[in-house]
file data.cif (mmCIF, C-alpha atoms and all ligand atoms)
data_data
loop_
_atom_site.group_PDB
_atom_site.id
_atom_site.type_symbol
_atom_site.label_atom_id
_atom_site.label_comp_id
_atom_site.auth_asym_id
_atom_site.auth_seq_id
_atom_site.Cartn_x
_atom_site.Cartn_y
_atom_site.Cartn_z
ATOM 1 C CA MET A 1 66.536 3.410 -29.879
ATOM 2 C CA GLN A 2 62.946 3.881 -28.868
ATOM 3 C CA ASN A 3 59.462 2.533 -29.029
ATOM 4 C CA MET A 4 60.214 -1.100 -28.350
ATOM 5 C CA ALA A 5 58.053 -1.292 -25.263
ATOM 6 C CA GLY A 6 56.613 -4.685 -25.981
ATOM 7 C CA PHE A 7 53.459 -6.349 -27.153
ATOM 8 C CA ARG A 8 50.196 -4.531 -27.359
ATOM 9 C CA PRO A 9 47.793 -7.414 -27.808
ATOM 10 C CA SER A 10 49.344 -9.965 -25.484
ATOM 11 C CA GLU A 11 48.390 -12.892 -27.718
ATOM 12 C CA ARG A 12 51.093 -11.803 -30.153
ATOM 13 C CA ASP A 13 53.802 -12.285 -27.563
ATOM 14 C CA PRO A 14 55.910 -15.100 -29.095
ATOM 15 C CA LEU A 15 55.861 -16.822 -25.696
ATOM 16 C CA THR A 16 52.167 -17.539 -26.149
ATOM 17 C CA TRP A 17 52.552 -19.080 -29.616
ATOM 18 C CA PRO A 18 52.096 -22.827 -29.887
ATOM 19 C CA ALA A 19 55.389 -24.711 -29.479
ATOM 20 C CA LEU A 20 57.475 -24.865 -32.651
ATOM 21 C CA LYS A 21 57.648 -28.338 -34.216
ATOM 22 C CA THR A 22 60.856 -27.641 -36.099
ATOM 23 C CA ALA A 23 63.610 -25.150 -35.506
ATOM 24 C CA PRO A 24 63.053 -21.913 -37.420
ATOM 25 C CA PRO A 25 65.398 -21.510 -40.419
ATOM 26 C CA ARG A 26 68.646 -19.692 -39.691
ATOM 27 C CA THR A 27 71.187 -17.969 -41.843
ATOM 28 C CA SER A 28 74.969 -18.023 -41.608
ATOM 29 C CA ARG A 29 74.752 -14.433 -40.393
ATOM 30 C CA ARG A 30 73.887 -13.713 -36.789
ATOM 31 C CA ILE A 31 70.515 -11.956 -36.993
ATOM 32 C CA GLY A 32 68.244 -10.974 -34.128
ATOM 33 C CA ILE A 33 66.097 -8.313 -32.540
ATOM 34 C CA HIS A 34 65.724 -6.485 -29.243
ATOM 35 C CA THR A 35 63.516 -8.786 -27.211
ATOM 36 C CA SER A 36 61.285 -8.222 -24.186
ATOM 37 C CA ILE A 37 62.326 -9.654 -20.790
ATOM 38 C CA ALA A 38 58.743 -9.546 -19.476
ATOM 39 C CA GLY A 39 58.250 -12.397 -17.010
ATOM 40 C CA GLY A 40 62.020 -12.847 -16.459
ATOM 41 C CA VAL A 41 65.216 -12.432 -18.467
ATOM 42 C CA ASP A 42 65.251 -16.071 -19.575
ATOM 43 C CA ASN A 43 61.927 -15.541 -21.347
ATOM 44 C CA ALA A 44 63.742 -13.266 -23.784
ATOM 45 C CA ALA A 45 65.751 -16.270 -25.028
ATOM 46 C CA LYS A 46 62.530 -18.216 -25.685
ATOM 47 C CA ARG A 47 61.022 -15.273 -27.524
ATOM 48 C CA ALA A 48 64.165 -14.758 -29.615
ATOM 49 C CA TYR A 49 64.196 -18.422 -30.626
ATOM 50 C CA ARG A 50 60.551 -18.367 -31.627
ATOM 51 C CA LEU A 51 61.171 -15.244 -33.689
ATOM 52 C CA GLY A 52 63.821 -17.189 -35.620
ATOM 53 C CA CYS A 53 66.799 -15.303 -34.183
ATOM 54 C CA ASN A 54 70.284 -16.691 -33.562
ATOM 55 C CA THR A 55 71.347 -13.630 -31.554
ATOM 56 C CA PHE A 56 69.372 -11.118 -29.483
ATOM 57 C CA GLN A 57 69.486 -7.966 -27.399
ATOM 58 C CA ILE A 58 67.753 -7.229 -24.089
ATOM 59 C CA PHE A 59 67.559 -4.677 -21.345
ATOM 60 C CA SER A 60 68.706 -6.421 -18.174
ATOM 61 C CA THR A 61 66.331 -4.238 -16.174
ATOM 62 C CA SER A 62 63.631 -1.633 -16.728
ATOM 63 C CA PRO A 63 65.264 0.818 -19.176
ATOM 64 C CA ARG A 64 63.865 4.042 -17.729
ATOM 65 C CA GLN A 65 64.140 3.359 -14.025
ATOM 66 C CA TRP A 66 67.008 3.903 -11.636
ATOM 67 C CA ALA A 67 65.844 1.205 -9.228
ATOM 68 C CA PRO A 68 68.373 -1.627 -9.151
ATOM 69 C CA TYR A 69 67.371 -5.090 -10.111
ATOM 70 C CA ILE A 70 69.161 -8.183 -8.904
ATOM 71 C CA LEU A 71 69.121 -11.231 -11.113
ATOM 72 C CA GLY A 72 68.438 -14.556 -9.470
ATOM 73 C CA ARG A 73 70.890 -17.383 -10.053
ATOM 74 C CA PRO A 74 68.192 -19.748 -11.384
ATOM 75 C CA GLN A 75 67.236 -17.126 -13.986
ATOM 76 C CA CYS A 76 70.830 -16.811 -15.143
ATOM 77 C CA GLU A 77 71.221 -20.565 -15.356
ATOM 78 C CA ALA A 78 67.995 -20.913 -17.314
ATOM 79 C CA MET A 79 69.164 -18.194 -19.689
ATOM 80 C CA ASN A 80 72.488 -19.970 -20.294
ATOM 81 C CA ARG A 81 70.810 -23.318 -20.855
ATOM 82 C CA LEU A 82 68.379 -21.847 -23.370
ATOM 83 C CA ARG A 83 71.130 -19.990 -25.179
ATOM 84 C CA ARG A 84 73.103 -23.201 -25.581
ATOM 85 C CA ASP A 85 70.082 -25.208 -26.708
ATOM 86 C CA TYR A 86 68.955 -22.564 -29.166
ATOM 87 C CA ASP A 87 72.444 -21.495 -30.302
ATOM 88 C CA LEU A 88 71.748 -17.856 -29.407
ATOM 89 C CA LYS A 89 74.943 -15.853 -29.570
ATOM 90 C CA PRO A 90 76.015 -13.258 -28.921
ATOM 91 C CA LEU A 91 73.774 -12.023 -26.110
ATOM 92 C CA VAL A 92 73.774 -8.232 -26.217
ATOM 93 C CA ILE A 93 72.567 -6.075 -23.335
ATOM 94 C CA HIS A 94 71.584 -2.470 -23.985
ATOM 95 C CA CYS A 95 72.236 -0.071 -21.095
ATOM 96 C CA ASN A 96 69.562 1.926 -19.350
ATOM 97 C CA TYR A 97 68.829 5.237 -21.127
ATOM 98 C CA LEU A 98 69.143 7.369 -17.999
ATOM 99 C CA ILE A 99 72.863 6.751 -17.626
ATOM 100 C CA ASN A 100 75.014 9.725 -18.638
ATOM 101 C CA LEU A 101 78.680 9.188 -17.918
ATOM 102 C CA ALA A 102 79.746 12.329 -19.820
ATOM 103 C CA GLY A 103 77.807 14.897 -17.793
ATOM 104 C CA ALA A 104 79.356 17.632 -15.659
ATOM 105 C CA ASN A 105 76.794 17.440 -12.838
ATOM 106 C CA ASP A 106 78.402 15.528 -10.002
ATOM 107 C CA SER A 107 75.393 13.959 -8.278
ATOM 108 C CA PHE A 108 73.985 12.780 -11.610
ATOM 109 C CA ARG A 109 77.384 11.381 -12.482
ATOM 110 C CA ARG A 110 77.557 9.415 -9.193
ATOM 111 C CA LYS A 111 74.122 7.966 -9.888
ATOM 112 C CA SER A 112 75.080 7.094 -13.467
ATOM 113 C CA ILE A 113 78.278 5.343 -12.389
ATOM 114 C CA ALA A 114 76.413 3.267 -9.792
ATOM 115 C CA THR A 115 73.733 2.324 -12.318
ATOM 116 C CA PHE A 116 76.310 1.499 -14.987
ATOM 117 C CA ARG A 117 78.122 -0.733 -12.491
ATOM 118 C CA GLY A 118 74.820 -2.578 -12.027
ATOM 119 C CA GLU A 119 74.694 -3.069 -15.815
ATOM 120 C CA LEU A 120 78.202 -4.556 -15.777
ATOM 121 C CA GLU A 121 77.350 -6.842 -12.847
ATOM 122 C CA ARG A 122 74.191 -8.127 -14.486
ATOM 123 C CA GLY A 123 76.039 -8.554 -17.785
ATOM 124 C CA LEU A 124 78.593 -10.751 -16.020
ATOM 125 C CA ALA A 125 75.908 -12.680 -14.126
ATOM 126 C CA LEU A 126 74.121 -13.415 -17.412
ATOM 127 C CA CYS A 127 77.342 -14.336 -19.244
ATOM 128 C CA ALA A 128 76.430 -11.699 -21.815
ATOM 129 C CA ASP A 129 78.913 -11.049 -24.593
ATOM 130 C CA TYR A 130 78.302 -7.344 -25.110
ATOM 131 C CA LEU A 131 77.019 -4.351 -23.204
ATOM 132 C CA VAL A 132 75.990 -1.437 -25.454
ATOM 133 C CA LEU A 133 76.383 2.087 -24.103
ATOM 134 C CA HIS A 134 75.483 5.466 -25.595
ATOM 135 C CA PRO A 135 78.448 7.693 -24.735
ATOM 136 C CA GLY A 136 76.246 10.443 -23.289
ATOM 137 C CA SER A 137 75.827 14.220 -23.282
ATOM 138 C CA PHE A 138 78.625 16.657 -22.438
ATOM 139 C CA ARG A 139 76.286 19.642 -21.895
ATOM 140 C CA GLY A 140 77.877 22.121 -19.508
ATOM 141 C CA SER A 141 81.457 21.420 -20.581
ATOM 142 C CA SER A 142 83.579 20.813 -23.661
ATOM 143 C CA ARG A 143 83.399 17.732 -25.860
ATOM 144 C CA GLU A 144 86.947 16.786 -24.927
ATOM 145 C CA GLU A 145 86.172 16.992 -21.197
ATOM 146 C CA GLY A 146 83.046 14.921 -21.833
ATOM 147 C CA LEU A 147 85.063 12.154 -23.506
ATOM 148 C CA GLN A 148 87.583 12.112 -20.659
ATOM 149 C CA ARG A 149 84.774 11.933 -18.103
ATOM 150 C CA VAL A 150 83.137 8.953 -19.866
ATOM 151 C CA ALA A 151 86.418 7.068 -19.894
ATOM 152 C CA SER A 152 87.179 7.705 -16.220
ATOM 153 C CA ALA A 153 83.571 6.920 -15.185
ATOM 154 C CA ILE A 154 83.703 3.586 -17.010
ATOM 155 C CA GLU A 155 86.987 2.727 -15.378
ATOM 156 C CA GLU A 156 85.622 3.636 -11.956
ATOM 157 C CA ALA A 157 82.407 1.625 -12.465
ATOM 158 C CA ALA A 158 84.365 -1.440 -13.568
ATOM 159 C CA GLN A 159 86.752 -1.401 -10.608
ATOM 160 C CA GLY A 160 87.185 -4.846 -9.060
ATOM 161 C CA LEU A 161 85.122 -6.585 -11.759
ATOM 162 C CA ASN A 162 86.840 -9.119 -13.959
ATOM 163 C CA LEU A 163 85.210 -8.355 -17.297
ATOM 164 C CA SER A 164 87.437 -10.644 -19.326
ATOM 165 C CA ASP A 165 86.433 -13.700 -17.312
ATOM 166 C CA GLY A 166 84.038 -15.335 -19.768
ATOM 167 C CA GLY A 167 81.054 -17.501 -19.042
ATOM 168 C CA LEU A 168 79.561 -18.870 -22.231
ATOM 169 C CA ASN A 169 82.263 -17.375 -24.386
ATOM 170 C CA ASP A 170 86.010 -17.117 -23.917
ATOM 171 C CA ARG A 171 86.168 -13.390 -24.283
ATOM 172 C CA GLY A 172 84.079 -12.275 -21.332
ATOM 173 C CA LEU A 173 81.981 -9.118 -21.363
ATOM 174 C CA THR A 174 82.947 -6.448 -23.906
ATOM 175 C CA LEU A 175 81.655 -2.902 -23.667
ATOM 176 C CA LEU A 176 80.405 -1.561 -27.000
ATOM 177 C CA ILE A 177 80.228 2.184 -27.594
ATOM 178 C CA GLU A 178 77.305 2.989 -29.903
ATOM 179 C CA ASN A 179 77.419 5.773 -32.473
ATOM 180 C CA THR A 180 74.596 8.258 -31.963
ATOM 181 C CA ALA A 181 72.325 10.446 -34.072
ATOM 182 C CA GLY A 182 74.589 13.408 -33.296
ATOM 183 C CA ALA A 183 72.121 15.602 -31.425
ATOM 184 C CA GLU A 184 73.578 18.756 -29.832
ATOM 185 C CA PHE A 185 75.985 17.953 -26.948
ATOM 186 C CA SER A 186 75.687 14.201 -27.537
ATOM 187 C CA LEU A 187 78.975 12.340 -27.907
ATOM 188 C CA GLY A 188 79.416 9.697 -30.568
ATOM 189 C CA GLY A 189 77.757 11.413 -33.536
ATOM 190 C CA THR A 190 80.867 10.775 -35.644
ATOM 191 C CA PHE A 191 82.968 7.661 -36.109
ATOM 192 C CA GLU A 192 86.050 9.628 -34.938
ATOM 193 C CA GLN A 193 84.427 10.381 -31.601
ATOM 194 C CA VAL A 194 83.597 6.711 -31.080
ATOM 195 C CA ALA A 195 87.156 5.813 -32.115
ATOM 196 C CA GLU A 196 88.599 8.408 -29.741
ATOM 197 C CA LEU A 197 86.631 6.951 -26.850
ATOM 198 C CA LEU A 198 87.730 3.417 -27.745
ATOM 199 C CA GLU A 199 91.302 4.652 -27.722
ATOM 200 C CA LEU A 200 90.851 6.174 -24.261
ATOM 201 C CA LEU A 201 89.277 2.976 -22.939
ATOM 202 C CA ARG A 202 91.792 0.503 -24.326
ATOM 203 C CA GLY A 203 93.733 -1.134 -21.543
ATOM 204 C CA ARG A 204 91.060 -0.157 -19.014
ATOM 205 C CA VAL A 205 88.144 -2.394 -20.119
ATOM 206 C CA PRO A 206 87.477 -4.703 -23.107
ATOM 207 C CA VAL A 207 85.896 -2.434 -25.744
ATOM 208 C CA GLY A 208 84.404 -2.400 -29.222
ATOM 209 C CA ALA A 209 81.746 -0.503 -31.160
ATOM 210 C CA CYS A 210 78.098 -0.879 -32.071
ATOM 211 C CA ILE A 211 77.098 0.926 -35.280
ATOM 212 C CA ASP A 212 73.450 1.851 -35.726
ATOM 213 C CA THR A 213 72.334 2.272 -39.352
ATOM 214 C CA CYS A 214 69.631 4.826 -38.479
ATOM 215 C CA HIS A 215 72.007 6.897 -36.336
ATOM 216 C CA THR A 216 74.682 6.769 -39.044
ATOM 217 C CA HIS A 217 72.222 8.069 -41.665
ATOM 218 C CA VAL A 218 70.658 10.865 -39.607
ATOM 219 C CA ALA A 219 74.111 11.902 -38.339
ATOM 220 C CA GLY A 220 74.907 12.714 -41.976
ATOM 221 C CA TYR A 221 76.777 9.725 -43.424
ATOM 222 C CA ASP A 222 75.639 8.398 -46.793
ATOM 223 C CA ILE A 223 74.982 4.680 -46.615
ATOM 224 C CA VAL A 224 72.161 4.724 -49.179
ATOM 225 C CA THR A 225 73.949 5.271 -52.507
ATOM 226 C CA ASN A 226 76.514 2.641 -53.520
ATOM 227 C CA ASP A 227 79.342 5.160 -53.797
ATOM 228 C CA GLY A 228 78.381 6.877 -50.563
ATOM 229 C CA ARG A 229 78.201 3.583 -48.704
ATOM 230 C CA ASP A 230 81.612 2.540 -50.041
ATOM 231 C CA LEU A 231 83.119 5.789 -48.769
ATOM 232 C CA THR A 232 81.316 5.601 -45.424
ATOM 233 C CA LEU A 233 82.420 2.019 -44.846
ATOM 234 C CA ARG A 234 85.987 2.829 -45.813
ATOM 235 C CA TYR A 235 85.895 5.710 -43.359
ATOM 236 C CA LEU A 236 84.416 3.451 -40.672
ATOM 237 C CA ASP A 237 87.275 1.014 -41.175
ATOM 238 C CA GLN A 238 89.882 3.794 -41.027
ATOM 239 C CA THR A 239 88.533 5.252 -37.784
ATOM 240 C CA ILE A 240 86.946 2.474 -35.715
ATOM 241 C CA GLY A 241 88.044 -0.547 -37.753
ATOM 242 C CA PHE A 242 85.717 -3.311 -39.014
ATOM 243 C CA ASN A 243 87.121 -5.792 -36.498
ATOM 244 C CA ASN A 244 85.976 -3.582 -33.647
ATOM 245 C CA VAL A 245 82.388 -3.336 -34.897
ATOM 246 C CA ARG A 246 80.873 -6.302 -33.081
ATOM 247 C CA VAL A 247 77.216 -5.345 -33.464
ATOM 248 C CA TRP A 248 75.248 -3.548 -36.165
ATOM 249 C CA HIS A 249 71.936 -2.132 -35.023
ATOM 250 C CA CYS A 250 69.768 -2.619 -38.094
ATOM 251 C CA ASN A 251 67.127 0.080 -38.124
ATOM 252 C CA ASP A 252 65.619 1.854 -41.077
ATOM 253 C CA ALA A 253 65.224 5.612 -40.578
ATOM 254 C CA LYS A 254 62.106 7.765 -40.623
ATOM 255 C CA ALA A 255 64.113 10.991 -40.948
ATOM 256 C CA ASP A 256 66.404 12.484 -43.594
ATOM 257 C CA ARG A 257 70.139 12.122 -43.766
ATOM 258 C CA GLY A 258 71.755 14.759 -41.568
ATOM 259 C CA SER A 259 68.505 15.535 -39.707
ATOM 260 C CA ARG A 260 69.888 14.197 -36.389
ATOM 261 C CA LEU A 261 66.402 12.890 -35.630
ATOM 262 C CA ASP A 262 66.551 9.415 -34.159
ATOM 263 C CA ARG A 263 63.356 7.733 -35.328
ATOM 264 C CA HIS A 264 63.602 4.041 -36.154
ATOM 265 C CA GLU A 265 61.528 2.572 -38.979
ATOM 266 C CA HIS A 266 60.740 -0.981 -40.079
ATOM 267 C CA ILE A 267 63.404 -2.601 -42.251
ATOM 268 C CA GLY A 268 62.922 -1.498 -45.863
ATOM 269 C CA GLN A 269 60.166 1.010 -45.107
ATOM 270 C CA GLY A 270 62.216 4.113 -44.357
ATOM 271 C CA ARG A 271 64.814 6.352 -45.955
ATOM 272 C CA LEU A 272 67.405 3.562 -46.099
ATOM 273 C CA GLY A 273 65.565 0.805 -47.936
ATOM 274 C CA LEU A 274 66.259 -2.910 -48.317
ATOM 275 C CA ASP A 275 69.389 -2.546 -50.476
ATOM 276 C CA VAL A 276 71.329 -0.952 -47.622
ATOM 277 C CA PHE A 277 70.684 -3.918 -45.352
ATOM 278 C CA ARG A 278 71.315 -6.412 -48.158
ATOM 279 C CA ALA A 279 74.706 -4.799 -48.789
ATOM 280 C CA LEU A 280 75.724 -4.833 -45.122
ATOM 281 C CA LEU A 281 74.493 -8.363 -44.427
ATOM 282 C CA ASN A 282 76.414 -9.787 -47.374
ATOM 283 C CA ASP A 283 79.602 -7.810 -46.915
ATOM 284 C CA ARG A 284 82.329 -10.326 -46.151
ATOM 285 C CA ARG A 285 84.239 -7.738 -44.114
ATOM 286 C CA LEU A 286 81.358 -7.527 -41.642
ATOM 287 C CA GLU A 287 80.586 -11.213 -41.327
ATOM 288 C CA GLN A 288 81.865 -11.488 -37.740
ATOM 289 C CA ALA A 289 79.318 -8.919 -36.506
ATOM 290 C CA ALA A 290 75.842 -9.569 -35.131
ATOM 291 C CA PHE A 291 72.946 -7.769 -36.851
ATOM 292 C CA ILE A 292 70.224 -6.760 -34.427
ATOM 293 C CA ALA A 293 67.037 -4.835 -35.201
ATOM 294 C CA GLU A 294 65.641 -2.272 -32.797
ATOM 295 C CA THR A 295 62.558 -1.639 -34.845
ATOM 296 C CA PRO A 296 59.214 -0.491 -33.419
ATOM 297 C CA ILE A 297 56.292 -2.798 -32.788
ATOM 298 C CA ASP A 298 53.445 -0.772 -34.279
ATOM 299 C CA ASP A 299 51.327 -3.788 -35.178
ATOM 300 C CA PRO A 300 51.317 -7.323 -33.820
ATOM 301 C CA GLY A 301 53.912 -9.423 -35.634
ATOM 302 C CA ASP A 302 56.185 -6.518 -36.586
ATOM 303 C CA ASP A 303 59.058 -8.125 -34.657
ATOM 304 C CA LEU A 304 58.774 -11.376 -36.603
ATOM 305 C CA ARG A 305 58.382 -9.508 -39.911
ATOM 306 C CA ASN A 306 61.509 -7.414 -39.359
ATOM 307 C CA VAL A 307 63.619 -10.447 -38.414
ATOM 308 C CA GLU A 308 62.353 -12.370 -41.437
ATOM 309 C CA THR A 309 62.979 -9.414 -43.744
ATOM 310 C CA LEU A 310 66.616 -9.249 -42.621
ATOM 311 C CA LYS A 311 67.072 -13.013 -42.965
ATOM 312 C CA LYS A 312 65.694 -13.011 -46.514
ATOM 313 C CA LEU A 313 68.303 -10.441 -47.553
ATOM 314 C CA VAL A 314 71.190 -12.793 -46.818
ATOM 315 C CA ASP A 315 72.415 -14.222 -50.133
ATOM 316 C CA SER A 316 71.435 -17.832 -50.609
ATOM 317 C CA GLY A 317 75.125 -18.767 -50.684
ATOM 318 C CA HIS A 318 75.306 -17.695 -47.049
ATOM 319 C CA ARG A 319 71.966 -19.178 -46.101
ATOM 320 C CA VAL A 320 72.957 -22.812 -45.662
ATOM 321 C CA GLN A 321 73.009 -23.840 -42.051
ATOM 322 C CA LYS A 322 73.932 -27.173 -40.608
ATOM 323 C CA PRO A 323 70.942 -29.206 -39.384
ATOM 324 C CA ARG A 324 70.155 -28.583 -35.756
ATOM 325 C CA ARG A 325 69.494 -30.949 -32.927
ATOM 326 C CA ARG A 326 65.986 -29.744 -32.105
HETATM 327 ZN ZN ZN B 1 68.203 5.018 -31.976
HETATM 328 ZN ZN ZN B 2 70.796 1.445 -31.597
#

call {"tool": "encode", "arguments": {"input": "data.cif", "output": "structure tokens", "more": "lines below"}}
Ligand SMILES: [Zn+2]
Ligand SMILES: [Zn+2]
result
Amino acid sequence: MQNMAGFRPSERDPLTWPALKTAPPRTSRRIGIHTSIAGGVDNAAKRAYRLGCNTFQIFSTSPRQWAPYILGRPQCEAMNRLRRDYDLKPLVIHCNYLINLAGANDSFRRKSIATFRGELERGLALCADYLVLHPGSFRGSSREEGLQRVASAIEEAAQGLNLSDGGLNDRGLTLLIENTAGAEFSLGGTFEQVAELLELLRGRVPVGACIDTCHTHVAGYDIVTNDGRDLTLRYLDQTIGFNNVRVWHCNDAKADRGSRLDRHEHIGQGRLGLDVFRALLNDRRLEQAAFIAETPIDDPGDDLRNVETLKKLVDSGHRVQKPRRR
């Protein structure tokens, strides 16, 4: 994920739009986008609502900074109130990019564990449903050692925290391992590796997976042709299991299949195309998952356009939504 820094011309920040008179149309699928927390985490909920989302993803702190950030109680309460009013669920938090729980370097590992613990604590404070983690880089050791290190680091970071004690939901905070673009030394470039890590983590922390469409494509899986997508999905179910895929990151890809280049593109404008997203959004086997875009904001309004593009792909049969209170 990259290039989601925020709003260039500040007037296009959804927070500055005039108040909505009616609730934006929703679909029966949970569709959202990574949303800026500028001005406070609770502002992300307002932005997500104005963008027409019924789920969203945030960073709970600055994504490229080690400095810890403590959430205030009023901010958490405001976030929960807004999520209830706007029916925004699940709330997904994406971990800081600097964290590498797979690395062999000890001081970096200590720092990563401490920072990851901060992510868990903020996730609990915000009553978030999911925390998405890239499994990391095993450079300097073997892949197998890397996987073992991630699992033990996660267990260590979670010590003494009750992750299954839910706030807004009954399930508590679930850690989601994201599949990656498969760059050299990076863990999670195949579904098996994600599945292996889930297996190691079971019984230690609540876990599931986040599957990114761009990463899947550039890692080499065919999700573009109908036959290829059928095979890839069958394989996903055999390794990770559909029930464990709680979030789909919906990103089109700038780069070719197998290129291992992680460059997100606007929905429908890259190598994947609209049909891929239409197929995933309407697949009954995936209907429990949330679909969240992490698309770039190159021009003002790109966030709204990408959310609306995804929503329009949901078959009309799924589009009916009960009338809402506000
Ligand atoms: Zn990415
Ligand atoms: Zn992603």

call {"tool": "closest_atom_pairs", "arguments": {"input": "data.cif", "of": "chain A", "to": "ligand ZN 2 (chain B)", "cutoff": "10 Å", "atoms": "all atoms listed in the file", "output": "Markdown table"}}
result
| residue | atom | partner | partner_atom | distance |
| --- | --- | --- | --- | --- |
| A:Met1 | CA | B:ZN2 | ZN | 5.0 |
| A:Gln2 | CA | B:ZN2 | ZN | 8.7 |
| A:His34 | CA | B:ZN2 | ZN | 9.7 |
| A:His94 | CA | B:ZN2 | ZN | 8.6 |
| A:Val132 | CA | B:ZN2 | ZN | 8.5 |
| A:Leu133 | CA | B:ZN2 | ZN | 9.4 |
| A:His134 | CA | B:ZN2 | ZN | 8.6 |
| A:Glu178 | CA | B:ZN2 | ZN | 6.9 |
| A:Asn179 | CA | B:ZN2 | ZN | 8.0 |
| A:Thr180 | CA | B:ZN2 | ZN | 7.8 |
| A:Ala181 | CA | B:ZN2 | ZN | 9.5 |
| A:Cys210 | CA | B:ZN2 | ZN | 7.7 |
| A:Ile211 | CA | B:ZN2 | ZN | 7.3 |
| A:Asp212 | CA | B:ZN2 | ZN | 4.9 |
| A:Thr213 | CA | B:ZN2 | ZN | 7.9 |
| A:Cys214 | CA | B:ZN2 | ZN | 7.8 |
| A:His215 | CA | B:ZN2 | ZN | 7.3 |
| A:Thr216 | CA | B:ZN2 | ZN | 9.9 |
| A:Val247 | CA | B:ZN2 | ZN | 9.5 |
| A:Trp248 | CA | B:ZN2 | ZN | 8.1 |
| A:His249 | CA | B:ZN2 | ZN | 5.1 |
| A:Cys250 | CA | B:ZN2 | ZN | 7.7 |
| A:Asn251 | CA | B:ZN2 | ZN | 7.6 |
| A:Asp262 | CA | B:ZN2 | ZN | 9.4 |
| A:His264 | CA | B:ZN2 | ZN | 8.9 |
| A:Ile292 | CA | B:ZN2 | ZN | 8.7 |
| A:Ala293 | CA | B:ZN2 | ZN | 8.2 |
| A:Glu294 | CA | B:ZN2 | ZN | 6.5 |
| A:Thr295 | CA | B:ZN2 | ZN | 9.4 |

call {"tool": "closest_residue", "arguments": {"input": "data.cif", "among": "A:Arg202, A:Arg285, A:Lys254, A:Arg122", "to": "Thr61 of chain A", "atoms": "only C-alpha atoms"}}
result
A:Arg122

call {"tool": "atom_distance", "arguments": {"input": "data.cif", "atom1": "atom CA of Asn80 of chain A", "atom2": "atom CA of Arg204 of chain A"}}
result
27.2 Å

call {"tool": "resolve_selection", "arguments": {"input": "data.cif", "expression": "the PyMOL selection byres (((chain A and resi 110) around 12) and not hetatm)", "output": "list in words"}}
result
Ile99, Asn100, Leu101, Ala102, Gly103, Ala104, Asn105, Asp106, Ser107, Phe108, Arg109, Lys111, Ser112, Ile113, Ala114, Thr115, Phe116, Arg117, Arg149, Ala153, Ile154, Glu156 and Ala157 of chain A

call {"tool": "closest_residue", "arguments": {"input": "data.cif", "among": "A:Phe277, A:Phe242, A:Tyr130, A:Phe291", "to": "Cys53 of chain A", "atoms": "all atoms listed in the file"}}
result
A:Phe291
